[in-house]
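S.K.: This is the structure, below, for whatever I ask next.
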Amino acid sequence: MRFVDVPGYGYARVSKKEREKWGQMIEEYLTSRENLKAVVSLVDLRHEPSADDCQMYEFLKYYEIPVIVVATKGDKIPRGKWNKHESIIKKKLDFDHQDDFIVFSSVSREGFDESWEAILRKL
């Protein structure tokens, strides 16, 4: 099993030309790997997914690549509001319920076991 961390599509301080090269590299990587079992897509539970988040999710769905959406920063939102934020994210992504959706907190480790279970199911 290998984890590959690809460059963030909106946060790196590089030129537009460099970002375009990264996009081509990521597209080629994701579409040419026969052994690719799933992509873990990180979104921030506190905010609606960005246009880039939505575009990436659409791309993965188009190429029929299984997605595990992990909504990070669960500790920054009261647990009673998680469902509301989850619904907003799923609606914005046009979420496919065959994919996994996991709320994650690095502080409390909420979602840690669920994330590993989702990853192992894809293997």
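Chains: A, B, ... in order of the structure tokens. Residues: from 1 per chain. Ligands: from 1, in order shown.
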Might you pull out every residue within 9 Å of A:His85, with only C-alpha atoms counted and same-chain residues fewer than 2 positions away left off, and present them as an MDAnalysis selection string?

M.R.: chainID A and resid 45:48 77 81:83 87:90

S.K.: Would you kindly return, as a ChimeraX atom specification, each protein, DNA or RNA residue with an atom no farther than 12 Å from any atom of stretch 11-20 of chain A, considering only C-alpha atoms and excluding same-chain residues fewer than 6 positions away?

M.R.: /A:26-27,50,52

S.K.: With N, CA and C atoms retained, write the just-selected residues as a short mmCIF file (atom, residue, chain, number, x, y, z; two decimals), in the first residue's frame.

M.R.:
```
data_model
loop_
_atom_site.label_atom_id
_atom_site.label_comp_id
_atom_site.auth_asym_id
_atom_site.auth_seq_id
_atom_site.Cartn_x
_atom_site.Cartn_y
_atom_site.Cartn_z
N ILE A 26 -0.84 15.51 -12.20
CA ILE A 26 -1.82 14.83 -11.34
C ILE A 26 -2.84 14.09 -12.19
N GLU A 27 -3.33 14.73 -13.25
CA GLU A 27 -4.30 14.07 -14.13
C GLU A 27 -3.72 12.80 -14.73
N SER A 50 -14.49 24.30 -2.11
CA SER A 50 -14.09 25.31 -3.09
C SER A 50 -14.43 24.82 -4.50
N ASP A 52 -12.29 24.35 -6.73
CA ASP A 52 -11.27 23.33 -7.01
C ASP A 52 -11.65 21.98 -6.39
#
```

S.K.: Write out as a ChimeraX atom specification each polymer residue whose atoms come within 6 Å of A:Ala71, counting only C-alpha atoms; drop sequence neighbours fewer than 6 positions from it.

M.R.: /A:42-45,103-104

S.K.: Export N, CA, C and O atoms of the chosen residues as a PDB file, in the first residue's frame?

M.R.:
```pdb
ATOM      1  N   LEU A  42      -9.465  15.577   0.837  1.00  0.00           N
ATOM      2  CA  LEU A  42      -9.618  16.323   2.085  1.00  0.00           C
ATOM      3  C   LEU A  42     -10.372  17.621   1.830  1.00  0.00           C
ATOM      4  O   LEU A  42     -10.007  18.394   0.939  1.00  0.00           O
ATOM      5  N   VAL A  43     -11.427  17.833   2.604  1.00  0.00           N
ATOM      6  CA  VAL A  43     -12.162  19.089   2.574  1.00  0.00           C
ATOM      7  C   VAL A  43     -12.259  19.603   4.006  1.00  0.00           C
ATOM      8  O   VAL A  43     -12.151  18.844   4.967  1.00  0.00           O
ATOM      9  N   ASP A  44     -12.466  20.897   4.136  1.00  0.00           N
ATOM     10  CA  ASP A  44     -12.572  21.527   5.455  1.00  0.00           C
ATOM     11  C   ASP A  44     -14.039  21.526   5.872  1.00  0.00           C
ATOM     12  O   ASP A  44     -14.887  22.107   5.176  1.00  0.00           O
ATOM     13  N   LEU A  45     -14.349  20.870   6.978  1.00  0.00           N
ATOM     14  CA  LEU A  45     -15.727  20.763   7.451  1.00  0.00           C
ATOM     15  C   LEU A  45     -16.348  22.132   7.706  1.00  0.00           C
ATOM     16  O   LEU A  45     -17.557  22.299   7.603  1.00  0.00           O
ATOM     17  N   VAL A 103     -16.020  12.467   8.923  1.00  0.00           N
ATOM     18  CA  VAL A 103     -15.621  13.671   9.643  1.00  0.00           C
ATOM     19  C   VAL A 103     -14.407  13.303  10.490  1.00  0.00           C
ATOM     20  O   VAL A 103     -14.404  12.287  11.184  1.00  0.00           O
ATOM     21  N   PHE A 104     -13.383  14.137  10.426  1.00  0.00           N
ATOM     22  CA  PHE A 104     -12.098  13.823  11.046  1.00  0.00           C
ATOM     23  C   PHE A 104     -11.627  14.972  11.926  1.00  0.00           C
ATOM     24  O   PHE A 104     -11.784  16.141  11.587  1.00  0.00           O
TER      25      PHE A 104
END
```

S.K.: Counting only C-alpha atoms, figure out which residue out of A:Asp53, A:Ala118, A:Ser105, A:Pro66 gets nearest to A:Pro78.

M.R.: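 Smallest distance to A:Pro78 is found for A:Ser105.
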
S.K.: Could you pull out the alpha helix (DSSP H) residues of stretch 78-114 of chain A, going by DSSP on the backbone, and write them as an MDAnalysis selection string?

M.R.: chainID A and resid 82:93 112:114

S.K.: Using backbone DSSP assignments, extract all strand (DSSP E or B) residues from chain A; output them as an NGL selection string.

M.R.: :A and (39-44 or 67-72 or 100-103)

S.K.: Using only C-alpha atoms, can you tell me which of A:Ala51, A:Gln98, A:Ser41, A:Lys92 comes closest to A:Glu64?

M.R.: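 Using only C-alpha atoms, A:Glu64 sits closest to A:Gln98.
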